[in-house]
Structure formats: C-alpha cells, structure tokens
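data-v1.cif, holding mmCIF, C-alpha atoms and all ligand atoms:
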data_final
#
loop_
_atom_site.group_PDB
_atom_site.id
_atom_site.type_symbol
_atom_site.label_atom_id
_atom_site.label_comp_id
_atom_site.auth_asym_id
_atom_site.auth_seq_id
_atom_site.Cartn_x
_atom_site.Cartn_y
_atom_site.Cartn_z
ATOM 1 C CA MET A 53 4.295 22.617 34.900
ATOM 2 C CA LEU A 54 4.293 19.221 33.247
ATOM 3 C CA ASP A 55 4.124 17.543 36.643
ATOM 4 C CA THR A 56 2.166 14.493 35.505
ATOM 5 C CA TRP A 57 4.505 14.218 32.593
ATOM 6 C CA THR A 58 7.560 14.291 34.779
ATOM 7 C CA ALA A 59 5.979 11.712 37.067
ATOM 8 C CA GLY A 60 5.471 9.489 34.024
ATOM 9 C CA LYS A 61 9.108 9.908 33.133
ATOM 10 C CA VAL A 62 10.195 8.915 36.607
ATOM 11 C CA ASN A 63 7.894 5.895 36.490
ATOM 12 C CA ASN A 64 9.249 5.115 33.034
ATOM 13 C CA ASN A 65 5.745 4.328 31.849
ATOM 14 C CA LEU A 66 5.660 6.661 28.875
ATOM 15 C CA ARG A 67 6.906 5.306 25.588
ATOM 16 C CA LEU A 68 7.887 8.763 24.438
ATOM 17 C CA HIS A 69 10.659 8.688 27.007
ATOM 18 C CA SER A 70 11.645 5.064 26.735
ATOM 19 C CA HIS A 71 15.332 4.632 26.306
ATOM 20 C CA THR A 72 15.870 0.942 26.887
ATOM 21 C CA SER A 73 16.599 -0.943 23.698
ATOM 22 C CA SER A 74 13.714 -3.382 24.154
ATOM 23 C CA GLU A 75 11.246 -0.514 24.243
ATOM 24 C CA ARG A 76 12.640 1.481 21.354
ATOM 25 C CA SER A 77 11.383 1.298 17.799
ATOM 26 C CA ASN A 78 13.632 -0.423 15.298
ATOM 27 C CA THR A 79 13.963 2.859 13.432
ATOM 28 C CA GLU A 80 15.819 4.357 16.367
ATOM 29 C CA ASN A 81 18.990 6.287 15.748
ATOM 30 C CA LYS A 82 21.043 4.620 18.446
ATOM 31 C CA SER A 83 23.903 7.079 18.283
ATOM 32 C CA ASP A 84 21.964 9.825 20.059
ATOM 33 C CA CYS A 85 18.857 7.971 21.263
ATOM 34 C CA ARG A 86 16.574 9.829 18.864
ATOM 35 C CA SER A 87 14.099 8.089 16.608
ATOM 36 C CA GLU A 88 14.088 8.322 12.843
ATOM 37 C CA VAL A 89 10.744 7.900 11.145
ATOM 38 C CA TRP A 90 10.859 6.644 7.571
ATOM 39 C CA VAL A 91 8.254 7.870 5.113
ATOM 40 C CA GLY A 92 8.802 5.790 1.989
ATOM 41 C CA ASN A 93 12.516 6.265 1.355
ATOM 42 C CA VAL A 94 12.769 9.500 3.371
ATOM 43 C CA PRO A 95 14.092 9.525 6.951
ATOM 44 C CA ILE A 96 12.655 12.226 9.241
ATOM 45 C CA GLY A 97 14.708 12.960 12.331
ATOM 46 C CA GLY A 98 18.019 11.919 10.825
ATOM 47 C CA GLU A 99 21.068 13.945 10.002
ATOM 48 C CA LYS A 100 19.352 16.196 7.450
ATOM 49 C CA VAL A 101 16.417 18.546 7.686
ATOM 50 C CA ILE A 102 13.643 17.549 5.287
ATOM 51 C CA VAL A 103 11.089 19.689 3.463
ATOM 52 C CA ILE A 104 7.498 18.614 2.817
ATOM 53 C CA ALA A 105 5.533 20.791 0.391
ATOM 54 C CA GLY A 106 2.414 20.861 -1.740
ATOM 55 C CA PRO A 107 -1.012 22.390 -1.998
ATOM 56 C CA CYS A 108 -3.311 22.866 0.973
ATOM 57 C CA SER A 109 -6.034 21.051 -1.021
ATOM 58 C CA VAL A 110 -5.747 18.741 -3.972
ATOM 59 C CA GLU A 111 -7.883 20.530 -6.574
ATOM 60 C CA SER A 112 -7.158 18.821 -9.911
ATOM 61 C CA ALA A 113 -4.690 16.460 -11.565
ATOM 62 C CA GLU A 114 -3.038 19.352 -13.347
ATOM 63 C CA GLN A 115 -2.640 21.396 -10.153
ATOM 64 C CA VAL A 116 -1.176 18.634 -7.988
ATOM 65 C CA ASN A 117 1.020 17.103 -10.723
ATOM 66 C CA SER A 118 2.520 20.442 -11.619
ATOM 67 C CA THR A 119 3.141 21.276 -7.938
ATOM 68 C CA ALA A 120 4.733 17.888 -7.268
ATOM 69 C CA LEU A 121 7.230 18.345 -10.102
ATOM 70 C CA ALA A 122 7.997 21.955 -9.131
ATOM 71 C CA ILE A 123 8.666 21.241 -5.463
ATOM 72 C CA LYS A 124 10.774 18.205 -6.302
ATOM 73 C CA LEU A 125 12.926 20.287 -8.608
ATOM 74 C CA ALA A 126 13.447 22.795 -5.790
ATOM 75 C CA GLY A 127 14.463 20.055 -3.320
ATOM 76 C CA ALA A 128 11.376 18.942 -1.390
ATOM 77 C CA VAL A 129 11.300 15.235 -0.530
ATOM 78 C CA ILE A 130 7.654 14.575 0.437
ATOM 79 C CA LEU A 131 4.465 15.816 -1.280
ATOM 80 C CA ARG A 132 1.577 17.071 0.848
ATOM 81 C CA GLY A 133 -2.022 17.598 -0.273
ATOM 82 C CA GLY A 134 -5.399 17.612 1.447
ATOM 83 C CA ALA A 135 -8.288 15.477 0.209
ATOM 84 C CA PHE A 136 -10.441 15.639 3.361
ATOM 85 C CA LYS A 137 -10.351 19.259 4.496
ATOM 86 C CA PRO A 138 -11.254 20.466 7.992
ATOM 87 C CA ARG A 139 -12.822 23.835 7.095
ATOM 88 C CA THR A 140 -14.110 26.277 9.660
ATOM 89 C CA SER A 141 -17.160 27.028 7.511
ATOM 90 C CA PRO A 142 -19.303 24.223 6.040
ATOM 91 C CA TYR A 143 -19.775 26.411 2.951
ATOM 92 C CA ASP A 144 -16.057 26.364 2.117
ATOM 93 C CA PHE A 145 -14.425 23.787 -0.181
ATOM 94 C CA GLN A 146 -14.369 20.485 1.702
ATOM 95 C CA GLY A 147 -11.829 18.670 -0.486
ATOM 96 C CA LEU A 148 -12.215 16.103 -3.249
ATOM 97 C CA GLY A 149 -12.342 13.154 -0.847
ATOM 98 C CA LEU A 150 -11.387 9.786 -2.337
ATOM 99 C CA GLU A 151 -10.766 11.333 -5.743
ATOM 100 C CA GLY A 152 -8.319 13.709 -4.055
ATOM 101 C CA LEU A 153 -6.473 10.755 -2.521
ATOM 102 C CA ARG A 154 -6.166 9.134 -5.957
ATOM 103 C CA LEU A 155 -4.885 12.327 -7.545
ATOM 104 C CA LEU A 156 -2.353 12.866 -4.747
ATOM 105 C CA ARG A 157 -1.057 9.293 -5.064
ATOM 106 C CA ALA A 158 -0.754 9.662 -8.819
ATOM 107 C CA ALA A 159 1.161 12.935 -8.440
ATOM 108 C CA GLY A 160 3.498 11.370 -5.885
ATOM 109 C CA ASP A 161 4.152 8.466 -8.226
ATOM 110 C CA LEU A 162 4.711 10.829 -11.138
ATOM 111 C CA ALA A 163 7.344 12.751 -9.191
ATOM 112 C CA GLY A 164 8.694 9.686 -7.367
ATOM 113 C CA MET A 165 7.877 11.107 -3.940
ATOM 114 C CA PRO A 166 6.074 9.751 -0.878
ATOM 115 C CA VAL A 167 2.847 11.572 0.003
ATOM 116 C CA VAL A 168 1.206 12.781 3.220
ATOM 117 C CA THR A 169 -2.472 13.607 3.590
ATOM 118 C CA GLU A 170 -4.889 14.387 6.408
ATOM 119 C CA ILE A 171 -7.511 11.894 7.577
ATOM 120 C CA MET A 172 -10.264 13.332 9.799
ATOM 121 C CA SER A 173 -12.438 10.315 10.466
ATOM 122 C CA GLU A 174 -11.955 6.751 11.646
ATOM 123 C CA ASP A 175 -14.020 5.756 8.601
ATOM 124 C CA ASP A 176 -11.322 7.033 6.234
ATOM 125 C CA VAL A 177 -8.293 5.415 7.876
ATOM 126 C CA ALA A 178 -8.298 2.403 5.532
ATOM 127 C CA ALA A 179 -8.519 4.608 2.441
ATOM 128 C CA GLY A 180 -5.769 6.865 3.776
ATOM 129 C CA CYS A 181 -3.507 3.867 4.312
ATOM 130 C CA ASP A 182 -4.272 2.577 0.817
ATOM 131 C CA TYR A 183 -3.197 5.802 -0.863
ATOM 132 C CA ALA A 184 -0.759 7.664 1.398
ATOM 133 C CA ASP A 185 2.695 6.939 2.799
ATOM 134 C CA MET A 186 2.041 9.103 5.869
ATOM 135 C CA ILE A 187 -1.203 10.133 7.572
ATOM 136 C CA GLN A 188 -1.667 13.597 9.033
ATOM 137 C CA VAL A 189 -3.749 14.110 12.144
ATOM 138 C CA GLY A 190 -4.703 17.767 11.869
ATOM 139 C CA ALA A 191 -4.741 20.344 14.634
ATOM 140 C CA ARG A 192 -8.517 20.068 15.031
ATOM 141 C CA ASN A 193 -8.288 16.301 15.560
ATOM 142 C CA MET A 194 -5.265 16.138 17.845
ATOM 143 C CA GLN A 195 -7.466 14.879 20.676
ATOM 144 C CA ASN A 196 -9.779 12.732 18.567
ATOM 145 C CA PHE A 197 -8.859 9.722 20.663
ATOM 146 C CA ALA A 198 -10.920 7.250 18.649
ATOM 147 C CA LEU A 199 -9.020 8.305 15.521
ATOM 148 C CA LEU A 200 -5.667 8.112 17.337
ATOM 149 C CA LYS A 201 -6.461 4.621 18.646
ATOM 150 C CA LYS A 202 -7.393 3.403 15.189
ATOM 151 C CA LEU A 203 -4.265 4.922 13.618
ATOM 152 C CA ALA A 204 -2.186 3.305 16.359
ATOM 153 C CA LYS A 205 -3.174 -0.050 14.917
ATOM 154 C CA THR A 206 -1.821 0.808 11.449
ATOM 155 C CA ASP A 207 1.791 0.726 10.298
ATOM 156 C CA ARG A 208 1.622 4.135 8.618
ATOM 157 C CA PRO A 209 3.844 6.937 9.926
ATOM 158 C CA ILE A 210 1.718 9.661 11.528
ATOM 159 C CA LEU A 211 2.236 13.418 11.331
ATOM 160 C CA LEU A 212 0.647 14.656 14.553
ATOM 161 C CA LYS A 213 -0.090 18.363 14.487
ATOM 162 C CA ARG A 214 -0.395 20.287 17.712
ATOM 163 C CA GLY A 215 -3.910 21.543 18.413
ATOM 164 C CA ALA A 216 -4.234 25.317 18.169
ATOM 165 C CA SER A 217 -5.172 25.486 21.857
ATOM 166 C CA ALA A 218 -3.277 22.454 23.096
ATOM 167 C CA THR A 219 -0.574 22.605 25.713
ATOM 168 C CA VAL A 220 2.680 20.795 25.001
ATOM 169 C CA LYS A 221 1.656 18.216 27.575
ATOM 170 C CA GLU A 222 -1.659 17.522 25.800
ATOM 171 C CA TRP A 223 0.165 17.279 22.474
ATOM 172 C CA LEU A 224 2.662 14.770 23.834
ATOM 173 C CA PHE A 225 -0.056 12.701 25.484
ATOM 174 C CA ALA A 226 -1.860 12.574 22.121
ATOM 175 C CA ALA A 227 1.385 11.193 20.664
ATOM 176 C CA GLU A 228 1.523 8.762 23.553
ATOM 177 C CA TYR A 229 -1.862 7.343 22.439
ATOM 178 C CA LEU A 230 -0.246 6.384 19.130
ATOM 179 C CA LEU A 231 2.901 4.893 20.649
ATOM 180 C CA HIS A 232 1.080 3.128 23.447
ATOM 181 C CA GLY A 233 -1.387 1.709 20.915
ATOM 182 C CA GLY A 234 1.424 0.184 18.856
ATOM 183 C CA ASN A 235 2.494 2.762 16.274
ATOM 184 C CA GLU A 236 5.925 4.196 17.095
ATOM 185 C CA ASN A 237 6.288 6.049 13.793
ATOM 186 C CA VAL A 238 5.177 9.446 14.989
ATOM 187 C CA VAL A 239 6.410 12.853 13.854
ATOM 188 C CA LEU A 240 5.276 15.878 15.870
ATOM 189 C CA CYS A 241 4.355 19.112 14.075
ATOM 190 C CA GLU A 242 4.111 22.579 15.641
ATOM 191 C CA ARG A 243 1.720 24.654 13.508
ATOM 192 C CA GLY A 244 1.028 27.734 15.613
ATOM 193 C CA ILE A 245 -1.273 28.280 18.562
ATOM 194 C CA LYS A 246 -3.993 30.742 19.507
ATOM 195 C CA THR A 247 -2.771 33.644 21.658
ATOM 196 C CA PHE A 248 -3.970 37.142 22.543
ATOM 197 C CA ASP A 249 -2.257 38.465 19.394
ATOM 198 C CA SER A 250 -4.428 38.527 16.285
ATOM 199 C CA SER A 251 -1.777 40.103 14.040
ATOM 200 C CA LEU A 252 -1.218 36.732 12.407
ATOM 201 C CA ARG A 253 -3.370 33.638 11.879
ATOM 202 C CA ASN A 254 -1.606 31.909 14.800
ATOM 203 C CA THR A 255 1.476 32.372 16.968
ATOM 204 C CA LEU A 256 4.414 30.119 16.107
ATOM 205 C CA ASP A 257 5.629 28.515 19.335
ATOM 206 C CA LEU A 258 9.257 27.797 18.522
ATOM 207 C CA ALA A 259 10.230 27.129 22.125
ATOM 208 C CA ALA A 260 7.735 24.249 22.104
ATOM 209 C CA VAL A 261 9.748 22.686 19.282
ATOM 210 C CA ALA A 262 12.922 22.716 21.361
ATOM 211 C CA LEU A 263 10.954 21.527 24.395
ATOM 212 C CA ALA A 264 9.310 18.630 22.523
ATOM 213 C CA LYS A 265 12.729 17.559 21.288
ATOM 214 C CA GLU A 266 14.124 17.769 24.779
ATOM 215 C CA MET A 267 11.243 15.758 26.281
ATOM 216 C CA THR A 268 10.864 13.028 23.657
ATOM 217 C CA HIS A 269 12.879 10.970 21.199
ATOM 218 C CA LEU A 270 10.457 11.798 18.364
ATOM 219 C CA PRO A 271 11.229 13.945 15.308
ATOM 220 C CA VAL A 272 9.603 17.390 15.382
ATOM 221 C CA ILE A 273 8.784 19.502 12.343
ATOM 222 C CA VAL A 274 7.223 22.951 11.880
ATOM 223 C CA ASP A 275 4.411 24.225 9.632
ATOM 224 C CA PRO A 276 5.109 27.931 9.068
ATOM 225 C CA SER A 277 2.215 28.221 6.596
ATOM 226 C CA HIS A 278 -0.558 27.614 9.124
ATOM 227 C CA ALA A 279 1.474 29.189 11.933
ATOM 228 C CA THR A 280 1.669 32.567 10.190
ATOM 229 C CA GLY A 281 -1.047 32.507 7.522
ATOM 230 C CA LYS A 282 1.140 34.948 5.610
ATOM 231 C CA ARG A 283 3.196 34.077 2.525
ATOM 232 C CA SER A 284 5.859 36.737 3.087
ATOM 233 C CA LEU A 285 6.822 35.313 6.513
ATOM 234 C CA ILE A 286 7.213 31.663 5.588
ATOM 235 C CA SER A 287 10.827 31.660 4.451
ATOM 236 C CA ALA A 288 12.054 33.462 7.586
ATOM 237 C CA THR A 289 10.031 31.347 10.022
ATOM 238 C CA ALA A 290 11.028 28.126 8.270
ATOM 239 C CA LYS A 291 14.658 29.122 8.746
ATOM 240 C CA ALA A 292 14.013 29.939 12.392
ATOM 241 C CA ALA A 293 12.424 26.505 12.827
ATOM 242 C CA VAL A 294 15.572 24.835 11.549
ATOM 243 C CA ALA A 295 17.703 27.044 13.781
ATOM 244 C CA VAL A 296 15.749 25.981 16.863
ATOM 245 C CA GLY A 297 16.265 22.309 16.045
ATOM 246 C CA ALA A 298 13.287 21.239 13.912
ATOM 247 C CA ASP A 299 13.849 18.122 11.832
ATOM 248 C CA GLY A 300 11.930 19.570 8.911
ATOM 249 C CA VAL A 301 9.282 21.958 7.689
ATOM 250 C CA ILE A 302 5.965 21.469 5.897
ATOM 251 C CA VAL A 303 4.776 24.324 3.688
ATOM 252 C CA GLU A 304 1.919 25.020 1.301
ATOM 253 C CA VAL A 305 2.720 25.673 -2.366
ATOM 254 C CA HIS A 306 0.261 26.416 -5.174
ATOM 255 C CA PRO A 307 0.759 27.138 -8.898
ATOM 256 C CA ASP A 308 -1.599 30.125 -8.615
ATOM 257 C CA PRO A 309 -2.198 31.005 -4.950
ATOM 258 C CA GLU A 310 -4.740 33.727 -5.784
ATOM 259 C CA ALA A 311 -6.961 31.041 -7.313
ATOM 260 C CA ALA A 312 -6.423 28.433 -4.554
ATOM 261 C CA LEU A 313 -9.595 26.850 -3.137
ATOM 262 C CA SER A 314 -8.089 26.979 0.377
ATOM 263 C CA ASP A 315 -5.302 28.839 2.177
ATOM 264 C CA GLY A 316 -4.170 30.912 -0.822
ATOM 265 C CA PRO A 317 -2.752 33.809 1.267
ATOM 266 C CA GLN A 318 -0.289 31.476 2.983
ATOM 267 C CA SER A 319 0.614 29.437 -0.108
ATOM 268 C CA LEU A 320 3.972 30.020 -1.756
ATOM 269 C CA THR A 321 4.333 30.374 -5.512
ATOM 270 C CA TYR A 322 6.905 28.120 -7.182
ATOM 271 C CA ASP A 323 9.359 31.029 -7.225
ATOM 272 C CA GLY A 324 8.674 31.744 -3.564
ATOM 273 C CA PHE A 325 9.269 28.103 -2.680
ATOM 274 C CA ASN A 326 12.552 28.092 -4.609
ATOM 275 C CA GLU A 327 13.637 31.174 -2.727
ATOM 276 C CA MET A 328 12.715 29.572 0.615
ATOM 277 C CA MET A 329 14.775 26.485 -0.218
ATOM 278 C CA LYS A 330 17.796 28.638 -1.039
ATOM 279 C CA ASN A 331 17.317 30.660 2.137
ATOM 280 C CA LEU A 332 17.208 27.482 4.244
ATOM 281 C CA SER A 333 20.669 26.520 3.007
ATOM 282 C CA ARG A 334 22.243 29.919 3.544
ATOM 283 C CA PRO A 335 24.249 30.176 6.782
ATOM 284 C CA PRO A 336 22.727 32.515 9.382
ATOM 285 C CA ARG A 337 24.386 35.878 10.055
ATOM 286 C CA SER A 338 27.656 35.478 11.878
ATOM 287 C CA VAL A 339 27.970 36.693 15.442
ATOM 288 C CA TRP A 340 30.160 39.720 16.107
ATOM 289 C CA LEU A 341 32.647 38.545 18.718
ATOM 290 C CA TYR A 342 34.035 41.130 21.101
ATOM 291 C CA SER A 343 37.338 39.247 21.520
ATOM 292 C CA GLU A 344 37.903 39.298 17.742
ATOM 293 C CA ALA A 345 37.269 43.003 17.691
ATOM 294 C CA LEU A 346 39.849 43.473 20.440
ATOM 295 C CA ALA A 347 42.405 41.373 18.528
ATOM 296 C CA ALA A 348 41.858 43.482 15.434
ATOM 297 C CA ALA A 349 42.295 46.744 17.331
HETATM 298 C C1 LIG B 401 -3.511 21.580 6.657
HETATM 299 O O1 LIG B 401 -2.414 21.023 6.792
HETATM 300 O O2 LIG B 401 -3.954 21.960 5.555
HETATM 301 C C2 LIG B 401 -4.275 21.886 7.884
HETATM 302 C C3 LIG B 401 -5.591 22.078 7.843
HETATM 303 O O3 LIG B 401 -3.493 21.977 8.960
HETATM 304 P P1 LIG B 401 -3.869 22.250 10.506
HETATM 305 O O4 LIG B 401 -4.534 20.996 10.981
HETATM 306 O O5 LIG B 401 -2.546 22.499 11.139
HETATM 307 O O6 LIG B 401 -4.790 23.440 10.547
HETATM 308 MN MN MN B 402 -4.058 24.513 4.706
#
So that I can check it, write out the structure of this file as structure tokens.
Amino acid sequence: MLDTWTAGKVNNNLRLHSHTSSERSNTENKSDCRSEVWVGNVPIGGEKVIVIAGPCSVESAEQVNSTALAIKLAGAVILRGGAFKPRTSPYDFQGLGLEGLRLLRAAGDLAGMPVVTEIMSEDDVAAGCDYADMIQVGARNMQNFALLKKLAKTDRPILLKRGASATVKEWLFAAEYLLHGGNENVVLCERGIKTFDSSLRNTLDLAAVALAKEMTHLPVIVDPSHATGKRSLISATAKAAVAVGADGVIVEVHPDPEAALSDGPQSLTYDGFNEMMKNLSRPPRSVWLYSEALAAA
C-alpha cells in the first residue's frame, strides 16, 4: 500500500513531505513542521479547530446574508456557499453562477468573514479568484488535472475535497499537483467515500484524516454534511472528526432546510448549528480507569 508514495518520500521529491526550510511555504508552523493555511484572517491548521459553514447553494441575498450572520453569531469563521453546483442530474438546480459569487462575497463582507466557493471549470478560475478568499475543488473534480494546474498558478488557498472513489494516495497526488505547480496553500477535506454500505449517502473515512495528517504537513478538515447526508448525524461526526485530529469542519446550514434548492436533508437549521458548536466544545466522556477504581475500593 502506498508504495509509490513511500518511494517519493524516500526520494524527497514530493512537496507534501518536504521538511527542509527552503522547500516549505512561508506559512509553515515551524514548531511542529505543519503548515498553516491562511484564508483571509483565519489560520487553518493552527492551534485551534476552525468551523466553516453556510448553505450548499447560494439561493438569494436574503438566504445567504441571514445564514452568514447566524453562523457568525454561533462561532463559525468562514462562510461557504456554492454558486457553480456539480449536480448529479442536469435537471436539478445548477447554482446562480456569477450572480451567486457576487451574493456570497456581499454576505461575507456583511458578516466580516472570508468566503469559500467551488469552481468546477478552468474558465471560472478568474471569477472565483475575484470573488472568493478560498477556492473549493469538489469531490467530482479532484482529478480534473487541467483545473488543478490552473489553480496551482493562483495565490488563492485551495480546499481540495477527496473524490468519493479516490484512494488516499490519489487524493494526495491531486494535492501534489497544486503544490508542485506553485500553490502551497492547500487544505485537504475528507467528505465521505463510496462503500458497500448504502445506509448513508457516503461512508466517513476518519482513519484517512489521521493518515493524511501523518503523511503530509497540510491541514485536513472534514465535511460531515456530505459524508453522512443526514442532519441528525452531523454534530456527532463533526466531534469525531475533531477527536481524530481534523483541523476543522465544513458543514451546510440553511435558514429553512426543507425549502433548500440542494442538500436540504443534510443542512442544519440555525438552532442545529448552534447545538453542534456547543457540542464541539464539550469535553468527550471521561475514561473509566481501572486503577482509580481500585484506589477507591
Ligand atoms: C458541496 O460542497 O456542496 C459539494 C458538492 O461537495 P462535494 O464535492 O464534497 O460533493
Ligand atoms: Mn452540498
């Protein structure tokens, strides 16, 4: 497993593994050799876990402005929102396009938050860079090498989602395209993979989060919304992501999920998002220690 990858490490020809100061990005956290990626004024991969939230799709000014203010109040630090939507069916809502980018930017400015949005085509890279602080490469485009090469030539931080059927090795090589091409500001995102189990939309691969952190210096975050597809599981899986070492989570929030134009069943209400934020800060259950029990006896 990961034999080519290991060979690359030995040959020291993969930037994901580079540990010499000349090869490292200037955003590097030198104390532990991990990289911090700055999105506006927000560091990802630093001391604190960060939360990115917002609607799956930008639908209207009212919807995205209201969501931006609600998530900020609850503690989120980056606003997400899709303008170019990769939908399985061509008959489903495809996003507002450029107008969506404008509305997202305006909502971010209103709330004083940086914004992240998905770009699907090389043709939209310039527009994405004009309006967004971070560009998402979605799961379906993880191996769109032309897109990766073009994004590598920009200075925008990239949120690189793992493809639903991609191995960890393929995911990391996709990241390598960005670093090798000149953009070191890459954040990896585990968002669930396809497995034999159809109980949920995808299967959240938490071990891959720990593995990606072990194998690279890049920040890694988790998207429990797309990983589960189920609103009731998002708070618990977000907490598990933090427990396994994720540097942040990205979740979908909508003022009225039942009326959402995409991904309503996995979108949190404002109350649900508040509850998730509180849950993330609560300590996990303490471990019952046998030696303590003996001392008490
Ligand atoms: C999204 O973030 O709305 C999205 C479509 O994500 P993914 O690429 O992980 O499916
Ligand atoms: Mn979505």
Ground truth for the PyMOL selection byres (((chain A and resi 194) around 8) and not hetatm), written as a PyMOL selection string = chain A and resi 189-193+195-197+212-215+223+226
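Matched in the shown structure by the PyMOL selection byres (((chain A and resi 187) around 6) and not hetatm): Val168, Thr169, Glu170, Met186, Gln188 and Ile210 of chain A.
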Any idea what the distance is between atom CA of A:Asp315 and atom MN of ligand MN 402 (chain B)?
->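 It comes out at 5.2 Å.
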Contacts of A:Thr255 within 7 Å, only C-alpha atoms, excl. fewer than 5 positions in-chain, as a PyMOL selection string = chain A and resi 244-247+279-280
Using all atoms listed in the file, pick whichever of A:Arg283, A:Lys124, A:Arg253, A:Lys137 has the shortest atom-to-atom distance to ligand MN 402 (chain B).
->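 Nearest to ligand MN 402 (chain B): A:Lys137.
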Would you kindly return, as a list in words, each protein, DNA or RNA residue with an atom no farther than 10 Å from any atom of stretch 94-101 of chain A, considering all atoms listed in the file and excluding same-chain residues fewer than 5 positions away?
->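 Residues near the query, excluding close chain neighbours: Thr79, Glu80, Asn81, Arg86, Ser87, Glu88, Val89, Val129, Ile130, Met165, Pro166, Asn237, Val238, Val239, His269, Leu270, Pro271, Val272, Ile273, Val294, Gly297, Ala298, Asp299, Gly300, Val301 and Leu332 of chain A.
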Selection under test: the PyMOL selection byres (((not hetatm)) within 8 of (chain B and resi 402)); residues as an NGL selection string = :A and (107-109 or 134 or 277-278 or 304 or 314-315)
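Considering all atoms listed in the file, the residue among A:Val110, A:Met172, A:Leu240, A:Ala227 positioned nearest to A:Arg67 is A:Ala227.
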Length of the atom CA of A:Leu203 to atom CA of A:Gly180 vector [Å] |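 Atom CA of A:Gly180 lies at a distance of 10.1 Å from atom CA of A:Leu203.
The residue set within 12 Å of A:Leu313, counting only C-alpha atoms and dropping same-chain residues fewer than 6 places from it, reads A:Pro107, A:Cys108, A:Ser109, A:Val110, A:Glu111, A:Ser112, A:Gln115, A:Gly134, A:Ala135, A:Lys137, A:Arg139, A:Tyr143, A:Asp144, A:Phe145, A:Gln146, A:Gly147, A:Leu148, A:His306, A:Pro307, A:Ser319.
Relative to atom CA of A:Ala216, atom O4 of ligand LIG 401 (chain B) is found at 8.4 Å.
Candidate residues A:Val305, A:Ala179, A:Ala113, A:Val91 were compared for distance to ligand LIG 401 (chain B), and the nearest is A:Val305, using all atoms listed in the file.
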Closest to A:Ala120 among A:Pro142, A:Tyr322, A:Asp207, A:Asp249, using all atoms listed in the file?
-> A:Tyr322
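Taking all atoms listed in the file into account, ligand LIG 401 (chain B) lies nearest to A:Val303 out of the set A:Ala259, A:Ala295, A:Val303, A:Ile286.
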Would you kindly return, as number ranges by chain, each protein, DNA or RNA residue with an atom no farther than 10 Å from any atom of A:Asp323, considering only C-alpha atoms and excluding same-chain residues fewer than 4 positions away?
-> A: 122-123, 126, 305, 307, 327-329
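Comparing A:Lys221, A:Arg154, A:Arg243, A:Arg208 by their smallest distance to ligand LIG 401 (chain B), the closest is A:Arg243 (using all atoms listed in the file).
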Using all atoms listed in the file, find all polymer residues with an atom at most 12 Å away from the point (7.3, 38.9, 5.0); report them as a VMD selection string.
-> chain A and resid 252 276 to 277 280 to 290 317 to 318 320 324 328
